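J.: Okay, handing you the structure first.
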Amino acid sequence: MATYQYPKYPYHPPTFAGGVAPLAQVVIVGGGQVGLTMALDLAQRGVASVVLDEDNTVSDGSRAICQAKRTLEIWDRMGVAAPMMEKGVTWNEGHVFYRDEQLYAFNMQENPRSKFPAFINIQQYYVEQFLIEQAVQQPLIDLRWCHRVTGLETTSDGVRLVVETPDGTYTQPCDWLVAADGVRSTIRRQMGLSFSGQVFEDHFLIADIVMQREGPAIRRFYFDPPWGPEASALMHRQSDNVWRLDFQLGWNVDRDEELRDENVFARIRRMIGPDTPFELEWKSLYTFQCRSIDRYRHDRVLFIGDAAHQVSPFGARGGNGGVQDADNLGWKLALVVQGRAGVTLLDTYDEERRFAAAENILNSTRATDFITPKTPVSEVYRNAVLDLARDFPFARALVNSGRLSVPAHLKESSLNGADELQGAVRPGSPVPALPLSVPGDASVSHLTDVLGDGFTLLCFGPANADLSLDSDLAVRLLHAGRDFHDMDGGVVAAFGVQDDAVVLVRPDQHVMACWRAPVPATILDTLSMITGDCR
Amino acid sequence: MSGLKHEPGISDPDGFYQELIDAVQRLSTEDALAFSARLNLLLANHIGDRTVLREAIEAARKGLEDHE
C-alpha cells in the first residue's frame with residue numbers, strides 16, 4: 001500500500017519444538033486488536049500471558065476504522081491511547097443524506113468536557129502496531145509470531161494446545177485459554193461450537209482511497225445517493241489522507257465483475273467527482289452476518305471479540321465491543337488466576353458481555369434492516385421515513401444509518417449492588433471521564449485518571465472522612481474535596497450524590513454500587529460477591 | 001383497561017372518511033402504499049404512547065395471515 005509499510009515482527013523458533021512447552025497460566029490465541037488489548041490488560045494486573053498469532057504482521061488491509069470513546073478510555077488505562085489520538089482523525093458528528101439533500105446531522109459527543117472525542121478514525125493496522133509496540137515493552141507478555149494453533153484438548157484443569165511453527169509442532173499446556181482469534185476462530189471450530197445468527201442478503205464494496213481533500217472529519221452516510229445506482233454509500237476520513245468509501249450494491253451481483261478495477265474506479269469517480277486525483281489502496285467485497293455463540297465461557301476457555309460474536313459494520317460495534325470484552329474479562333481473570341476470587345466470577349464475564357453483545361447485535365440488526373430492507377413492504381416504510389425526515393424532525397429519529405457504538409450499561413448484572421442514588425450513572429454504567437483535579441498532580445484531568453486498575457471507593461460527605469475498609473481486594477478510598485476536586489459539579493451530578501454518598505467502582509471502571517450512607521460492613525458485603533467462593 | 005380508543009372519537013366521521021379516500025383513490029397501488037406508510041408514521045408520532053401504538057398494531061394485524 002502507498003501509505004503504510006507492514007512491519008514484520010521477529011519469529012523465534014521455539015526451543016520446545018517437537019515437545020511440550022512450559023505451562024502457561026494464560027494463553028491468548030490471536031494477536032489482533034482484541035487479543036493484544038487482553039494481554040496488555042492482564043500484564044498491567046501482573047498476570048503473564050502467551051500470545052499466539054499465526055502470522056507476523058498486523059491486520060491485512062482495511063478493517064475496523066472507528067474507535068469509540070470507551071475504547072480510548074480503556075486504552076488510556078493501558079497507556080496506549082496517546083499514539084492512537086496522535087495518529088487518528090477525531091470526529092463527533094454524523095451527517096445523513098437522502099438523494100440530493102442533507103436530512104440531518106447528529107453529534108455523538110455526550111459531554112464536550114470528556115477526555116476523549118466520541119470517535120477517532122484510525123486504520124486497524126496502526127491500532128495493532130501501537131498495541132504491539134506497547135506489548136513488547138511488557139516482560140509479562142510472550143508474543144509468539146508465526147505460531148498457529150491446529151488442535152486443542154480440554155482437561156479438567158486447563159487446555160493443551162497443538163501449536164505449529166515453521167520449525168515444527170509443540171504442545172502448549174495452559175490453565176486458561178482466551179480465544180481472540182476472530183470471526184473464523186480456530187478454537188471455536190475445534191470445540192465444535194455453533195455460531196448461529198442472521199445472514200443479510202446484500203453486498204457492500206469497500207474502497208480505501210488516498211486523496212487530498214480538506215474539511216472536517218465527519219461520518220457521511222448517503223441513502224440513495226444522487227450520483228449513482230448504489231442503494232447507499234458511506235464515507236469516512238482516516239489517517240494519512242486515506243478515505244474509506246463503502247457502497248451498497250445489492251444481493252444479485254457478479255462478485256468478480258464488481259471487483260474489477262475499472263468498475264470500482266467508476267463508482268469512486270461518480271462519488272468524489274471526475275477531477276479529484278486519487279489512488280486506490282484497498283478494495284474488497286463483503287456480505288455480513290450477525291451471530292453469536294451461546295456461551296462465552298466454556299470452563300477453562302473464554303471467548304472474546306469476533307470469536308464470540310459478529311455484528312454488521314454499521315455502528316462500529318465489532319472492534320469496540322471486543323475491546324470492552326477484554327476490559328471486562330481482564331480483572332476477573334487476573335483475580336481468579338491470583339486466587340483472590342472464585343472461578344464463578346468468570347461466569348459474570350459471560351453474563352455481562354453476552355448482554356452487551358445482544359445489545360450490539362440488536363442495534364446492528366435494526367440498522368441493517370433499515371439500510372437493507374428485507375421485503376418490498378419494508379422498503380416502502382423505510383422510504384416513507386426518509387421522505388418525511390426532510391420536513392418532520394420526528395422521522396429523523398427513525399432514520400437508522402447505524403447506531404454507533406456506545407459503552408454497555410450493565411444494568412442487569414448480578415454483580416450490581418445497591419442503587420441508592422438517582423444520577424444518570426448507576427450500577428453497571430461505565431464511569432464517565434468527567435473533568436476533575438487532584439491537588440499536586442497535574443497528570444490528572446479526568447475522573448477516569450484517578451480510578452486506576454483496582455477497586456475504588458469514591459467517598460462524598462463529611463461522615464465518610466474517616467471511613468476505612470479492611471478488604472483483601474486492595475480497595476482505594478478517594479475522598480471528594482481532599483483526594484480530588486469535582487471541577488464543575490459534574491461528578492456529583494452524574495452520580496446524583498446526596499448525603500454521605502459512596503460509589504464503588506470496579507477495576508474496569510464500571511460502577512458496582514451506589515450508597516447514600518453505608519457502613520463498612522455493607523460495603524464489604526458487596527465486595528464479597530467478588531471474592532465469593534474463594535474465601 | 002385498554003389504552004387504545006375503541007369508541008368513536010372523530011367528529012364528522014363521514015367527512016373524514018371522504019377526505020381519506022379522496023387522498024388515495026387516484027393513486028397507483030404503489031403510491032397508495034407509500035401514502036399509508038407516511039400517514040401511519042405521522043399519526044404514530046402524534047400518538048407517541050407505545051402502549052397505544054402496540055395495541056393499534058395488534059388490532060390492525062388481527063385476522064391477517066403471514067404470507068410465505
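Letters for chains follow the order of the C-alpha cells (A, B, ...), residue numbers begin at 1 for each chain, and ligand numbers begin at 1 in the order shown.
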Could you produce a table of the residues of chain B lying within 6 Å of chain A, with the nearest pair of atoms per residue and their separation in Å rounded to one decimal, using only C-alpha atoms, ordered by chain and increasing residue number, as JSON lines?

T.:
```
{"residue": "B:Ala34", "atom": "CA", "partner": "A:Val380", "partner_atom": "CA", "distance": 5.9}
{"residue": "B:Ala37", "atom": "CA", "partner": "A:Tyr381", "partner_atom": "CA", "distance": 5.6}
{"residue": "B:Arg38", "atom": "CA", "partner": "A:Ala384", "partner_atom": "CA", "distance": 5.3}
```

J.: As an mmCIF file with all heavy atoms, in the first residue's frame, please: the residues near Leu20 in chain B (cut-off 12 Å, only C-alpha atoms, same-chain neighbours under 5 positions excluded).

T.:
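The new file selection.cif reads:
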```
data_model
loop_
_atom_site.group_PDB
_atom_site.id
_atom_site.type_symbol
_atom_site.label_atom_id
_atom_site.label_comp_id
_atom_site.auth_asym_id
_atom_site.auth_seq_id
_atom_site.Cartn_x
_atom_site.Cartn_y
_atom_site.Cartn_z
ATOM 1 N N PRO B 13 -67.607 11.869 11.071
ATOM 2 C CA PRO B 13 -66.944 10.685 10.531
ATOM 3 C C PRO B 13 -67.072 10.554 9.011
ATOM 4 O O PRO B 13 -66.111 10.183 8.347
ATOM 5 C CB PRO B 13 -67.617 9.509 11.243
ATOM 6 C CG PRO B 13 -68.731 10.065 12.038
ATOM 7 C CD PRO B 13 -68.578 11.533 12.126
ATOM 8 N N ASP B 14 -68.228 10.878 8.454
ATOM 9 C CA ASP B 14 -68.386 10.727 7.004
ATOM 10 C C ASP B 14 -67.472 11.690 6.250
ATOM 11 O O ASP B 14 -66.877 11.338 5.219
ATOM 12 C CB ASP B 14 -69.845 10.985 6.585
ATOM 13 C CG ASP B 14 -70.759 9.862 7.071
ATOM 14 O OD1 ASP B 14 -70.211 8.821 7.511
ATOM 15 O OD2 ASP B 14 -71.989 10.039 7.044
ATOM 16 N N GLY B 15 -67.337 12.878 6.779
ATOM 17 C CA GLY B 15 -66.460 13.869 6.148
ATOM 18 C C GLY B 15 -65.008 13.416 6.181
ATOM 19 O O GLY B 15 -64.284 13.518 5.185
ATOM 20 N N GLN B 25 -57.555 7.679 -3.676
ATOM 21 C CA GLN B 25 -58.171 6.817 -4.690
ATOM 22 C C GLN B 25 -57.660 7.015 -6.113
ATOM 23 O O GLN B 25 -57.857 6.156 -6.951
ATOM 24 C CB GLN B 25 -59.692 6.899 -4.641
ATOM 25 C CG GLN B 25 -60.277 8.244 -4.967
ATOM 26 C CD GLN B 25 -61.785 8.182 -4.768
ATOM 27 O OE1 GLN B 25 -62.354 7.116 -4.566
ATOM 28 N NE2 GLN B 25 -62.431 9.322 -4.823
ATOM 29 N N ARG B 26 -56.979 8.096 -6.382
ATOM 30 C CA ARG B 26 -56.408 8.222 -7.709
ATOM 31 C C ARG B 26 -54.915 7.858 -7.736
ATOM 32 O O ARG B 26 -54.218 8.110 -8.702
ATOM 33 C CB ARG B 26 -56.637 9.637 -8.251
ATOM 34 C CG ARG B 26 -58.054 9.824 -8.821
ATOM 35 C CD ARG B 26 -58.316 11.227 -9.301
ATOM 36 N NE ARG B 26 -58.058 12.229 -8.279
ATOM 37 C CZ ARG B 26 -58.920 12.502 -7.265
ATOM 38 N NH1 ARG B 26 -60.061 11.859 -7.153
ATOM 39 N NH2 ARG B 26 -58.619 13.420 -6.367
ATOM 40 N N ALA B 32 -50.179 4.463 -3.172
ATOM 41 C CA ALA B 32 -51.129 4.391 -2.058
ATOM 42 C C ALA B 32 -50.482 3.741 -0.843
ATOM 43 O O ALA B 32 -50.726 4.134 0.305
ATOM 44 C CB ALA B 32 -52.371 3.613 -2.482
ATOM 45 N N PHE B 35 -48.322 6.317 0.669
ATOM 46 C CA PHE B 35 -49.182 7.250 1.409
ATOM 47 C C PHE B 35 -49.553 6.662 2.780
ATOM 48 O O PHE B 35 -49.455 7.334 3.809
ATOM 49 C CB PHE B 35 -50.455 7.538 0.597
ATOM 50 C CG PHE B 35 -51.522 8.243 1.379
ATOM 51 C CD1 PHE B 35 -51.554 9.630 1.450
ATOM 52 C CD2 PHE B 35 -52.501 7.519 2.072
ATOM 53 C CE1 PHE B 35 -52.536 10.283 2.192
ATOM 54 C CE2 PHE B 35 -53.477 8.164 2.822
ATOM 55 C CZ PHE B 35 -53.495 9.546 2.875
ATOM 56 N N SER B 36 -49.975 5.394 2.771
ATOM 57 C CA SER B 36 -50.389 4.764 4.032
ATOM 58 C C SER B 36 -49.226 4.707 5.016
ATOM 59 O O SER B 36 -49.402 4.949 6.206
ATOM 60 C CB SER B 36 -50.889 3.341 3.773
ATOM 61 O OG SER B 36 -52.024 3.398 2.959
ATOM 62 N N LEU B 39 -48.693 8.181 6.386
ATOM 63 C CA LEU B 39 -49.764 8.552 7.313
ATOM 64 C C LEU B 39 -49.611 7.810 8.646
ATOM 65 O O LEU B 39 -49.755 8.391 9.720
ATOM 66 C CB LEU B 39 -51.123 8.236 6.670
ATOM 67 C CG LEU B 39 -52.349 8.721 7.437
ATOM 68 C CD1 LEU B 39 -52.406 10.255 7.471
ATOM 69 C CD2 LEU B 39 -53.642 8.184 6.808
#
```

J.: Hey, which of A:Phe288, A:Tyr349, A:Tyr4, A:Phe116 ends up closest to Leu410 in chain A? Count only C-alpha atoms.

T.: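 Once distances to Leu410 in chain A are computed over only C-alpha atoms, the minimum belongs to A:Tyr349.
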
J.: Could you pull out the strand (DSSP E or B) residues of range 163-289 of chain A, going by DSSP on the backbone, and write them as a PDB file with N, CA and C atoms, in the first residue's frame?

T.:
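Dumped everything to out.pdb:
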```pdb
ATOM      1  N   VAL A 163       0.458 -26.538  18.684  1.00  0.00           N
ATOM      2  CA  VAL A 163       0.890 -25.308  18.018  1.00  0.00           C
ATOM      3  C   VAL A 163       1.898 -25.659  16.929  1.00  0.00           C
ATOM      4  N   GLU A 164       1.656 -25.112  15.730  1.00  0.00           N
ATOM      5  CA  GLU A 164       2.519 -25.393  14.597  1.00  0.00           C
ATOM      6  C   GLU A 164       3.372 -24.162  14.314  1.00  0.00           C
ATOM      7  N   THR A 165       4.651 -24.393  14.075  1.00  0.00           N
ATOM      8  CA  THR A 165       5.559 -23.290  13.712  1.00  0.00           C
ATOM      9  C   THR A 165       6.354 -23.731  12.490  1.00  0.00           C
ATOM     10  N   GLY A 168       8.422 -26.745  13.357  1.00  0.00           N
ATOM     11  CA  GLY A 168       7.831 -27.944  13.958  1.00  0.00           C
ATOM     12  C   GLY A 168       6.705 -27.614  14.921  1.00  0.00           C
ATOM     13  N   THR A 169       6.130 -28.680  15.415  1.00  0.00           N
ATOM     14  CA  THR A 169       4.930 -28.584  16.239  1.00  0.00           C
ATOM     15  C   THR A 169       5.293 -28.812  17.700  1.00  0.00           C
ATOM     16  N   TYR A 170       4.546 -28.178  18.591  1.00  0.00           N
ATOM     17  CA  TYR A 170       4.740 -28.455  20.020  1.00  0.00           C
ATOM     18  C   TYR A 170       3.412 -28.415  20.749  1.00  0.00           C
ATOM     19  N   THR A 171       3.415 -28.889  21.967  1.00  0.00           N
ATOM     20  CA  THR A 171       2.228 -28.862  22.816  1.00  0.00           C
ATOM     21  C   THR A 171       2.376 -27.720  23.807  1.00  0.00           C
ATOM     22  N   GLN A 172       1.332 -26.920  23.915  1.00  0.00           N
ATOM     23  CA  GLN A 172       1.351 -25.806  24.872  1.00  0.00           C
ATOM     24  C   GLN A 172       0.254 -26.013  25.900  1.00  0.00           C
ATOM     25  N   PRO A 173       0.616 -26.427  27.098  1.00  0.00           N
ATOM     26  CA  PRO A 173      -0.416 -26.521  28.137  1.00  0.00           C
ATOM     27  C   PRO A 173      -0.668 -25.160  28.786  1.00  0.00           C
ATOM     28  N   CYS A 174      -1.907 -24.913  29.188  1.00  0.00           N
ATOM     29  CA  CYS A 174      -2.208 -23.664  29.899  1.00  0.00           C
ATOM     30  C   CYS A 174      -3.356 -23.893  30.876  1.00  0.00           C
ATOM     31  N   ASP A 175      -3.416 -23.012  31.887  1.00  0.00           N
ATOM     32  CA  ASP A 175      -4.523 -23.073  32.839  1.00  0.00           C
ATOM     33  C   ASP A 175      -5.787 -22.466  32.238  1.00  0.00           C
ATOM     34  N   TRP A 176      -5.593 -21.378  31.502  1.00  0.00           N
ATOM     35  CA  TRP A 176      -6.726 -20.645  30.942  1.00  0.00           C
ATOM     36  C   TRP A 176      -6.426 -20.289  29.493  1.00  0.00           C
ATOM     37  N   LEU A 177      -7.439 -20.449  28.660  1.00  0.00           N
ATOM     38  CA  LEU A 177      -7.275 -20.108  27.254  1.00  0.00           C
ATOM     39  C   LEU A 177      -8.257 -19.000  26.889  1.00  0.00           C
ATOM     40  N   VAL A 178      -7.723 -17.928  26.316  1.00  0.00           N
ATOM     41  CA  VAL A 178      -8.595 -16.862  25.827  1.00  0.00           C
ATOM     42  C   VAL A 178      -8.572 -16.909  24.298  1.00  0.00           C
ATOM     43  N   ALA A 179      -9.742 -17.184  23.713  1.00  0.00           N
ATOM     44  CA  ALA A 179      -9.840 -17.252  22.257  1.00  0.00           C
ATOM     45  C   ALA A 179     -10.177 -15.870  21.728  1.00  0.00           C
ATOM     46  N   SER A 196     -24.342 -19.153  15.440  1.00  0.00           N
ATOM     47  CA  SER A 196     -25.548 -19.014  14.634  1.00  0.00           C
ATOM     48  C   SER A 196     -26.091 -17.595  14.688  1.00  0.00           C
ATOM     49  N   GLY A 197     -26.889 -17.252  13.719  1.00  0.00           N
ATOM     50  CA  GLY A 197     -27.473 -15.919  13.658  1.00  0.00           C
ATOM     51  C   GLY A 197     -28.084 -15.673  12.306  1.00  0.00           C
ATOM     52  N   GLN A 198     -27.988 -14.428  11.877  1.00  0.00           N
ATOM     53  CA  GLN A 198     -28.711 -13.988  10.705  1.00  0.00           C
ATOM     54  C   GLN A 198     -27.738 -13.555   9.611  1.00  0.00           C
ATOM     55  N   VAL A 199     -27.998 -13.984   8.398  1.00  0.00           N
ATOM     56  CA  VAL A 199     -27.198 -13.551   7.250  1.00  0.00           C
ATOM     57  C   VAL A 199     -27.989 -12.488   6.506  1.00  0.00           C
ATOM     58  N   HIS A 203     -24.602  -7.006  -0.692  1.00  0.00           N
ATOM     59  CA  HIS A 203     -23.152  -6.905  -0.874  1.00  0.00           C
ATOM     60  C   HIS A 203     -22.707  -5.458  -0.686  1.00  0.00           C
ATOM     61  N   PHE A 204     -21.603  -5.312  -0.027  1.00  0.00           N
ATOM     62  CA  PHE A 204     -21.014  -3.984   0.153  1.00  0.00           C
ATOM     63  C   PHE A 204     -19.598  -3.995  -0.409  1.00  0.00           C
ATOM     64  N   LEU A 205     -19.286  -2.938  -1.119  1.00  0.00           N
ATOM     65  CA  LEU A 205     -17.940  -2.793  -1.678  1.00  0.00           C
ATOM     66  C   LEU A 205     -17.198  -1.738  -0.874  1.00  0.00           C
ATOM     67  N   ILE A 206     -16.053  -2.129  -0.357  1.00  0.00           N
ATOM     68  CA  ILE A 206     -15.199  -1.186   0.361  1.00  0.00           C
ATOM     69  C   ILE A 206     -14.075  -0.748  -0.550  1.00  0.00           C
ATOM     70  N   ALA A 207     -13.853   0.553  -0.621  1.00  0.00           N
ATOM     71  CA  ALA A 207     -12.678   1.060  -1.317  1.00  0.00           C
ATOM     72  C   ALA A 207     -12.006   2.063  -0.396  1.00  0.00           C
ATOM     73  N   ASP A 208     -10.739   1.839  -0.099  1.00  0.00           N
ATOM     74  CA  ASP A 208      -9.962   2.833   0.644  1.00  0.00           C
ATOM     75  C   ASP A 208      -9.107   3.572  -0.373  1.00  0.00           C
ATOM     76  N   ILE A 209      -9.270   4.881  -0.411  1.00  0.00           N
ATOM     77  CA  ILE A 209      -8.519   5.661  -1.400  1.00  0.00           C
ATOM     78  C   ILE A 209      -7.704   6.742  -0.705  1.00  0.00           C
ATOM     79  N   VAL A 210      -6.641   7.155  -1.354  1.00  0.00           N
ATOM     80  CA  VAL A 210      -5.859   8.290  -0.866  1.00  0.00           C
ATOM     81  C   VAL A 210      -6.243   9.482  -1.719  1.00  0.00           C
ATOM     82  N   ARG A 219     -18.755  11.676   9.746  1.00  0.00           N
ATOM     83  CA  ARG A 219     -19.263  10.462   9.103  1.00  0.00           C
ATOM     84  C   ARG A 219     -20.361  10.880   8.133  1.00  0.00           C
ATOM     85  N   ARG A 220     -20.218  10.509   6.892  1.00  0.00           N
ATOM     86  CA  ARG A 220     -21.220  10.870   5.888  1.00  0.00           C
ATOM     87  C   ARG A 220     -21.903   9.611   5.392  1.00  0.00           C
ATOM     88  N   PHE A 221     -23.219   9.587   5.550  1.00  0.00           N
ATOM     89  CA  PHE A 221     -23.987   8.432   5.087  1.00  0.00           C
ATOM     90  C   PHE A 221     -25.017   8.902   4.076  1.00  0.00           C
ATOM     91  N   TYR A 222     -25.052   8.263   2.922  1.00  0.00           N
ATOM     92  CA  TYR A 222     -25.946   8.676   1.828  1.00  0.00           C
ATOM     93  C   TYR A 222     -26.943   7.557   1.531  1.00  0.00           C
ATOM     94  N   PHE A 223     -28.229   7.847   1.713  1.00  0.00           N
ATOM     95  CA  PHE A 223     -29.256   6.941   1.223  1.00  0.00           C
ATOM     96  C   PHE A 223     -29.593   7.341  -0.208  1.00  0.00           C
ATOM     97  N   SER A 232     -26.956   2.777  -1.024  1.00  0.00           N
ATOM     98  CA  SER A 232     -26.433   3.702  -0.015  1.00  0.00           C
ATOM     99  C   SER A 232     -24.921   3.768  -0.155  1.00  0.00           C
ATOM    100  N   ALA A 233     -24.349   4.751   0.492  1.00  0.00           N
ATOM    101  CA  ALA A 233     -22.889   4.870   0.489  1.00  0.00           C
ATOM    102  C   ALA A 233     -22.460   5.544   1.786  1.00  0.00           C
ATOM    103  N   LEU A 234     -21.240   5.283   2.169  1.00  0.00           N
ATOM    104  CA  LEU A 234     -20.705   5.799   3.430  1.00  0.00           C
ATOM    105  C   LEU A 234     -19.294   6.302   3.174  1.00  0.00           C
ATOM    106  N   MET A 235     -18.950   7.395   3.831  1.00  0.00           N
ATOM    107  CA  MET A 235     -17.627   7.986   3.627  1.00  0.00           C
ATOM    108  C   MET A 235     -17.034   8.387   4.970  1.00  0.00           C
ATOM    109  N   HIS A 236     -15.802   7.948   5.183  1.00  0.00           N
ATOM    110  CA  HIS A 236     -15.099   8.233   6.437  1.00  0.00           C
ATOM    111  C   HIS A 236     -13.675   8.661   6.126  1.00  0.00           C
ATOM    112  N   ARG A 237     -13.238   9.686   6.813  1.00  0.00           N
ATOM    113  CA  ARG A 237     -11.829  10.076   6.679  1.00  0.00           C
ATOM    114  C   ARG A 237     -10.990   9.299   7.689  1.00  0.00           C
ATOM    115  N   VAL A 242      -6.234   8.942   3.900  1.00  0.00           N
ATOM    116  CA  VAL A 242      -6.946   7.772   3.383  1.00  0.00           C
ATOM    117  C   VAL A 242      -8.427   7.939   3.712  1.00  0.00           C
ATOM    118  N   TRP A 243      -9.267   7.658   2.729  1.00  0.00           N
ATOM    119  CA  TRP A 243     -10.716   7.759   2.919  1.00  0.00           C
ATOM    120  C   TRP A 243     -11.337   6.399   2.699  1.00  0.00           C
ATOM    121  N   ARG A 244     -12.240   6.031   3.577  1.00  0.00           N
ATOM    122  CA  ARG A 244     -12.996   4.798   3.423  1.00  0.00           C
ATOM    123  C   ARG A 244     -14.295   5.114   2.698  1.00  0.00           C
ATOM    124  N   LEU A 245     -14.487   4.468   1.543  1.00  0.00           N
ATOM    125  CA  LEU A 245     -15.765   4.560   0.838  1.00  0.00           C
ATOM    126  C   LEU A 245     -16.418   3.185   0.898  1.00  0.00           C
ATOM    127  N   ASP A 246     -17.713   3.189   1.115  1.00  0.00           N
ATOM    128  CA  ASP A 246     -18.432   1.930   1.274  1.00  0.00           C
ATOM    129  C   ASP A 246     -19.705   2.040   0.436  1.00  0.00           C
ATOM    130  N   PHE A 247     -19.870   1.134  -0.514  1.00  0.00           N
ATOM    131  CA  PHE A 247     -21.007   1.203  -1.446  1.00  0.00           C
ATOM    132  C   PHE A 247     -21.914  -0.013  -1.265  1.00  0.00           C
ATOM    133  N   GLN A 248     -23.201   0.243  -1.170  1.00  0.00           N
ATOM    134  CA  GLN A 248     -24.170  -0.854  -1.055  1.00  0.00           C
ATOM    135  C   GLN A 248     -24.624  -1.273  -2.452  1.00  0.00           C
ATOM    136  N   LEU A 249     -24.342  -2.518  -2.822  1.00  0.00           N
ATOM    137  CA  LEU A 249     -24.548  -2.952  -4.206  1.00  0.00           C
ATOM    138  C   LEU A 249     -25.786  -3.806  -4.412  1.00  0.00           C
ATOM    139  N   GLY A 250     -26.336  -4.391  -3.382  1.00  0.00           N
ATOM    140  CA  GLY A 250     -27.473  -5.290  -3.565  1.00  0.00           C
ATOM    141  C   GLY A 250     -27.034  -6.748  -3.532  1.00  0.00           C
ATOM    142  N   GLU A 279      -5.801   7.632  -5.353  1.00  0.00           N
ATOM    143  CA  GLU A 279      -5.104   6.372  -5.543  1.00  0.00           C
ATOM    144  C   GLU A 279      -5.884   5.320  -4.759  1.00  0.00           C
ATOM    145  N   LEU A 280      -6.092   4.162  -5.353  1.00  0.00           N
ATOM    146  CA  LEU A 280      -6.834   3.100  -4.659  1.00  0.00           C
ATOM    147  C   LEU A 280      -5.868   2.293  -3.804  1.00  0.00           C
ATOM    148  N   GLU A 281      -6.167   2.203  -2.495  1.00  0.00           N
ATOM    149  CA  GLU A 281      -5.290   1.461  -1.591  1.00  0.00           C
ATOM    150  C   GLU A 281      -5.784   0.061  -1.303  1.00  0.00           C
ATOM    151  N   TRP A 282      -7.097  -0.092  -1.327  1.00  0.00           N
ATOM    152  CA  TRP A 282      -7.655  -1.363  -0.869  1.00  0.00           C
ATOM    153  C   TRP A 282      -9.071  -1.470  -1.410  1.00  0.00           C
ATOM    154  N   LYS A 283      -9.443  -2.657  -1.849  1.00  0.00           N
ATOM    155  CA  LYS A 283     -10.839  -2.884  -2.240  1.00  0.00           C
ATOM    156  C   LYS A 283     -11.239  -4.271  -1.763  1.00  0.00           C
ATOM    157  N   SER A 284     -12.463  -4.401  -1.364  1.00  0.00           N
ATOM    158  CA  SER A 284     -12.976  -5.730  -1.017  1.00  0.00           C
ATOM    159  C   SER A 284     -14.487  -5.696  -1.073  1.00  0.00           C
ATOM    160  N   LEU A 285     -15.053  -6.875  -1.276  1.00  0.00           N
ATOM    161  CA  LEU A 285     -16.497  -7.002  -1.362  1.00  0.00           C
ATOM    162  C   LEU A 285     -16.923  -7.886  -0.201  1.00  0.00           C
ATOM    163  N   TYR A 286     -17.910  -7.448   0.557  1.00  0.00           N
ATOM    164  CA  TYR A 286     -18.295  -8.285   1.694  1.00  0.00           C
ATOM    165  C   TYR A 286     -19.807  -8.374   1.839  1.00  0.00           C
ATOM    166  N   GLN A 289     -23.128 -10.650   8.555  1.00  0.00           N
ATOM    167  CA  GLN A 289     -23.945 -11.511   9.397  1.00  0.00           C
ATOM    168  C   GLN A 289     -23.912 -10.972  10.813  1.00  0.00           C
TER     169      GLN A 289
END
```

J.: What does the distance between CA of Leu421 in chain A and CA of Cys459 in chain A come to in Å, to one decimal place?

T.: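 Rounded to one decimal, the two atoms are 13.1 Å apart.
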
J.: Can you pull out every residue within 7 Å of range 51-60 of chain B, counting only C-alpha atoms, but drop anything in the same chain fewer than 4 positions away, and send it as a list in words?

T.: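 In the requested form, the answer reads Gly3, Leu4 and Ala44 of chain B.
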
J.: I'd like the neighbourhood of range 266-277 of chain A as a ChimeraX atom specification, where a residue qualifies if any of its atoms comes within 7 Å (using only C-alpha atoms), though same-chain residues fewer than 4 positions away should be ignored.

T.: /A:211,227-228,262

J.: Using backbone DSSP assignments, extract all alpha helix (DSSP H) residues from range 125-208 of chain A; output them as JSON, numbers by chain.

T.: {"A": [125, 126, 127, 128, 129, 130, 131, 132, 133, 134, 135, 186, 187, 188, 189, 190]}

J.: Give the answer as one residue: which of A:Leu458, A:Leu469, A:Leu362, A:Ile74 has the shortest atom-to-atom distance to Cys514 in chain A, using only C-alpha atoms?

T.: A:Leu458

J.: Could you state the separation of CA of Ala494 in chain A and CA of Val425 in chain A in Å, given to one decimal place?

T.: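 Between CA of Ala494 in chain A and CA of Val425 in chain A the gap is 5.6 Å.
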
J.: Go ahead and compute the interatomic distance for CA of Ala308 in chain A and CA of Val183 in chain A, in Å to one decimal.

T.: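 It comes out at 7.7 Å.
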
J.: Could you pull the residues within 8 Å of Gly318 in chain A, counting only C-alpha atoms, minus those fewer than 4 positions along the same chain, as a JSON list (two decimals) with C-alpha atoms, in the first residue's frame?

T.:
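In the end it all went to selection_12.json:
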```
[["chain", "number", "residue", "atom", "x", "y", "z"],
["A", 64, "ALA", "CA", -12.05, -1.61, 11.73],
["A", 305, "GLY", "CA", -14.29, -10.34, 20.33],
["A", 306, "ASP", "CA", -15.36, -11.67, 16.94],
["A", 310, "GLN", "CA", -20.11, -10.98, 14.93],
["A", 311, "VAL", "CA", -22.05, -7.83, 14.04],
["A", 312, "SER", "CA", -22.60, -5.86, 10.86],
["A", 313, "PRO", "CA", -20.16, -2.97, 10.45],
["A", 322, "GLY", "CA", -14.27, -6.74, 21.51]]
```

J.: Output as a tab-separated table one row per residue of range 96-177 of chain A within 12 Å of range 435-457 of chain A: the closest atom pair and its distance in Å to one decimal place, counting only C-alpha atoms, sorted by chain and residue number ascending.

T.:
```
residue	atom	partner	partner_atom	distance
A:Asn111	CA	A:Pro435	CA	10.2
A:Pro112	CA	A:Pro435	CA	10.2
A:Arg113	CA	A:Pro435	CA	6.5
A:Ser114	CA	A:Pro435	CA	6.8
A:Lys115	CA	A:His446	CA	6.5
A:Phe116	CA	A:His446	CA	10.1
```

J.: With distances taken over only C-alpha atoms, which residue among A:Arg353, A:His409, A:Arg516, A:Arg340 lies nearest Gln422 in chain A?

T.: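 Smallest separation from Gln422 in chain A among the options: A:Arg516.
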